[in-house]
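Encoded as structure tokens, the structure appears first; notes follow it.
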Amino acid sequence: MGSLSPGFQGKPRTIESRLPPGQYPTEDFPVLSAGPTPRIPTDRWSFTVTAETGETRSWTWDQMMALPQEEPTVDIHCVTRWSKFDTRWRGVSLDVFLDQVDTAADFVIAESFDGYTANLPLEDVTDGKAWLAHSFDGYPLSPDHGGPARLLIPHLYFWKSAKWAKGLILTPENEPGFWESAGYHDYGDPWREQRYWSD
Ligand SMILES: Nc1nc2c(c(=O)[nH]1)N[C@H]1C(S)=C(S)[C@@H](COP(=O)(O)O)O[C@H]1N2
Ligand SMILES: [Mo]
């Protein structure tokens, strides 16, 4: 995988064309956490995919780091209206984990070590659209930004990108996660400005 954003066709893109409605660009990388930052040592870290059948697959840190690695460079969009262009990550495509379980489920719940959850259609985290990211800008991901590893799902508002990722739970029914239960949009497409339930 190269360093081009998904969808990049070799055409120059203006800042305006990359900025979803109601957003402003920032160079900073704000920290947004609903609670205290958990500290998960990598020797006690694991990532688990649980299918609706109860079947599970887990990876230790070393097993995860031995999987094929990708280096996506993507724009991210927070529902609090900041967008950050060309963020550079390193991690494993969620396809690599999800390919290891049999499922007929259409939805996924991302689960974090702090108890945070976010719900997603399975098709939004497959086919190269989402990663488990462990490095940012060439360095191990800092704890405040979700290290040791977080989800990266750049085509949806950034609340969907669960920090301190612990696993994925496949569900036949769509079940709202933490912010989705608290008034935020179920899907969260920044280009359609799906911020709240009423959008
Ligand atoms: N586990 C967990 N993941 C989370 C959050 C959180 O509170 N806990 N906040 C979300 C929100 S609202 C946003 S905007 C992004 C912020 O990521 P950042 O702090 O790296 O900018 O993480 C998302 N993932
Ligand atoms: Mo957010």
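Letters for chains follow the order of the structure tokens (A, B, ...), residue numbers begin at 1 for each chain, and ligand numbers begin at 1 in the order shown.
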Report task. Go through the chains and note each residue within 10 Å of ligand 1, using only C-alpha atoms and all ligand atoms, then give the set as number ranges by chain. Result -> A: 28-38, 76-84, 110-118, 136, 141-147, 150-152, 157-166, 178-179, 184
Report task. Please give the complete set of residues from stretch 20-174 of chain A that DSSP, run on the backbone, assigns to strand (DSSP E or B), formatted as a ChimeraX atom specification. Result -> /A:24-25,46-50,56-60,70,73-77,82-93,107-112,117-121,131-136,139-140,150-152,165-171
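Listed by chain and then by rising number, the residues of stretch 62-160 of chain A that DSSP assigns to helix (DSSP H, G or I) from the backbone are Asp62, Gln63, Met64, Met65, Leu94, Asp95, Val96, Phe97, Leu98, Leu122, Glu123, Asp124, Pro143, Asp144, His145, Phe158, Trp159 and Lys160 of chain A.
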Give me a file of those residues, with C-alpha atoms, as a compact mmCIF listing (two decimals), in the first residue's frame.
# COMPACT_ATOMS: atom_id res chain seq x y z
CA ASP A 62 3.80 -9.43 18.59
CA GLN A 63 1.39 -11.40 16.40
CA MET A 64 -0.30 -8.17 15.31
CA MET A 65 3.03 -6.53 14.52
CA LEU A 94 -9.02 -4.52 9.54
CA ASP A 95 -9.54 -6.86 6.57
CA VAL A 96 -6.63 -8.95 7.85
CA PHE A 97 -8.40 -9.61 11.17
CA LEU A 98 -11.92 -9.94 9.81
CA LEU A 122 -19.27 -4.12 8.44
CA GLU A 123 -18.87 -2.78 4.91
CA ASP A 124 -17.38 0.43 6.32
CA PRO A 143 -1.47 7.00 24.93
CA ASP A 144 -3.60 10.16 24.68
CA HIS A 145 -4.22 9.51 20.98
CA PHE A 158 -13.37 10.60 14.06
CA TRP A 159 -15.49 9.47 17.04
CA LYS A 160 -15.91 6.20 15.12
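Checking A:Ala104, A:Leu156, A:Ile109, A:Leu67 one by one against ligand 2, counting only C-alpha atoms and all ligand atoms, you find the shortest gap at A:Leu156.
Pairwise distance (atom CA of A:Ala133, atom CA of A:Val92) equals 6.5 Å.
With atom CA of A:Pro190 on one side and atom CA of A:Ile153 on the other, the separation reads 11.8 Å.
The neighbours of A:Ser135 here are the residues that come within 9 Å of it, using only C-alpha atoms and leaving out any residue fewer than 4 positions away in the same chain; they are Arg88, Trp89, Arg90, Gly91, Tyr139, Pro140, Leu141, Ser142, Gly147, Pro148 and Ala149 of chain A.
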Written file, previous selection with all heavy atoms, as a tab-separated table (two decimals), in the first residue's frame:
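again_18.tsv written:
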chain	number	residue	atom	x	y	z
A	88	ARG	N	-0.39	10.76	8.90
A	88	ARG	CA	0.39	9.57	8.48
A	88	ARG	C	0.37	8.52	9.58
A	88	ARG	O	0.78	8.77	10.71
A	88	ARG	CB	1.84	9.97	8.18
A	88	ARG	CG	1.98	10.86	6.97
A	88	ARG	CD	3.43	11.35	6.81
A	88	ARG	NE	4.39	10.25	6.89
A	88	ARG	CZ	5.39	10.19	7.76
A	88	ARG	NH1	5.59	11.16	8.62
A	88	ARG	NH2	6.20	9.15	7.76
A	89	TRP	N	-0.08	7.34	9.24
A	89	TRP	CA	-0.25	6.26	10.21
A	89	TRP	C	0.46	5.01	9.73
A	89	TRP	O	0.78	4.86	8.55
A	89	TRP	CB	-1.75	5.93	10.36
A	89	TRP	CG	-2.61	7.09	10.72
A	89	TRP	CD1	-3.11	8.04	9.86
A	89	TRP	CD2	-3.07	7.48	12.02
A	89	TRP	NE1	-3.86	8.95	10.55
A	89	TRP	CE2	-3.85	8.63	11.88
A	89	TRP	CE3	-2.90	6.92	13.31
A	89	TRP	CZ2	-4.46	9.26	12.97
A	89	TRP	CZ3	-3.51	7.55	14.38
A	89	TRP	CH2	-4.28	8.70	14.21
A	90	ARG	N	0.65	4.07	10.65
A	90	ARG	CA	1.09	2.74	10.29
A	90	ARG	C	0.25	1.74	11.07
A	90	ARG	O	-0.03	1.95	12.26
A	90	ARG	CB	2.58	2.55	10.63
A	90	ARG	CG	3.16	1.20	10.20
A	90	ARG	CD	4.67	1.20	10.44
A	90	ARG	NE	5.23	-0.12	10.25
A	90	ARG	CZ	5.56	-0.65	9.08
A	90	ARG	NH1	5.40	0.05	7.97
A	90	ARG	NH2	6.06	-1.87	9.00
A	91	GLY	N	-0.19	0.71	10.40
A	91	GLY	CA	-1.01	-0.27	11.09
A	91	GLY	C	-1.44	-1.39	10.18
A	91	GLY	O	-0.91	-1.56	9.07
A	139	TYR	N	6.11	7.58	14.71
A	139	TYR	CA	6.38	7.21	16.10
A	139	TYR	C	5.25	6.35	16.65
A	139	TYR	O	4.12	6.46	16.20
A	139	TYR	CB	6.51	8.47	16.97
A	139	TYR	CG	7.72	9.28	16.63
A	139	TYR	CD1	7.62	10.35	15.73
A	139	TYR	CD2	8.97	8.97	17.18
A	139	TYR	CE1	8.74	11.10	15.40
A	139	TYR	CE2	10.09	9.72	16.86
A	139	TYR	CZ	9.98	10.78	15.97
A	139	TYR	OH	11.08	11.52	15.64
A	140	PRO	N	5.56	5.52	17.68
A	140	PRO	CA	4.49	4.76	18.33
A	140	PRO	C	3.38	5.71	18.77
A	140	PRO	O	3.65	6.81	19.26
A	140	PRO	CB	5.19	4.12	19.54
A	140	PRO	CG	6.64	4.05	19.15
A	140	PRO	CD	6.89	5.26	18.28
A	141	LEU	N	2.15	5.30	18.58
A	141	LEU	CA	1.00	6.13	18.91
A	141	LEU	C	1.00	6.44	20.41
A	141	LEU	O	1.08	5.54	21.24
A	141	LEU	CB	-0.27	5.37	18.51
A	141	LEU	CG	-1.59	6.10	18.62
A	141	LEU	CD1	-1.62	7.35	17.75
A	141	LEU	CD2	-2.71	5.14	18.21
A	142	SER	N	0.88	7.72	20.76
A	142	SER	CA	0.92	8.11	22.17
A	142	SER	C	-0.36	7.66	22.87
A	142	SER	O	-1.42	7.54	22.25
A	142	SER	CB	1.10	9.62	22.29
A	142	SER	OG	-0.03	10.27	21.77
A	147	GLY	N	-2.91	5.08	21.87
A	147	GLY	CA	-1.90	4.03	21.92
A	147	GLY	C	-2.12	3.10	23.09
A	147	GLY	O	-2.72	3.52	24.08
A	148	PRO	N	-1.73	1.84	22.98
A	148	PRO	CA	-0.84	1.34	21.93
A	148	PRO	C	-1.47	1.20	20.54
A	148	PRO	O	-0.74	1.26	19.57
A	148	PRO	CB	-0.39	-0.03	22.44
A	148	PRO	CG	-1.42	-0.45	23.43
A	148	PRO	CD	-1.98	0.81	24.02
A	149	ALA	N	-2.79	1.06	20.42
A	149	ALA	CA	-3.36	0.92	19.08
A	149	ALA	C	-4.81	1.37	19.08
A	149	ALA	O	-5.55	1.13	20.04
A	149	ALA	CB	-3.26	-0.52	18.58
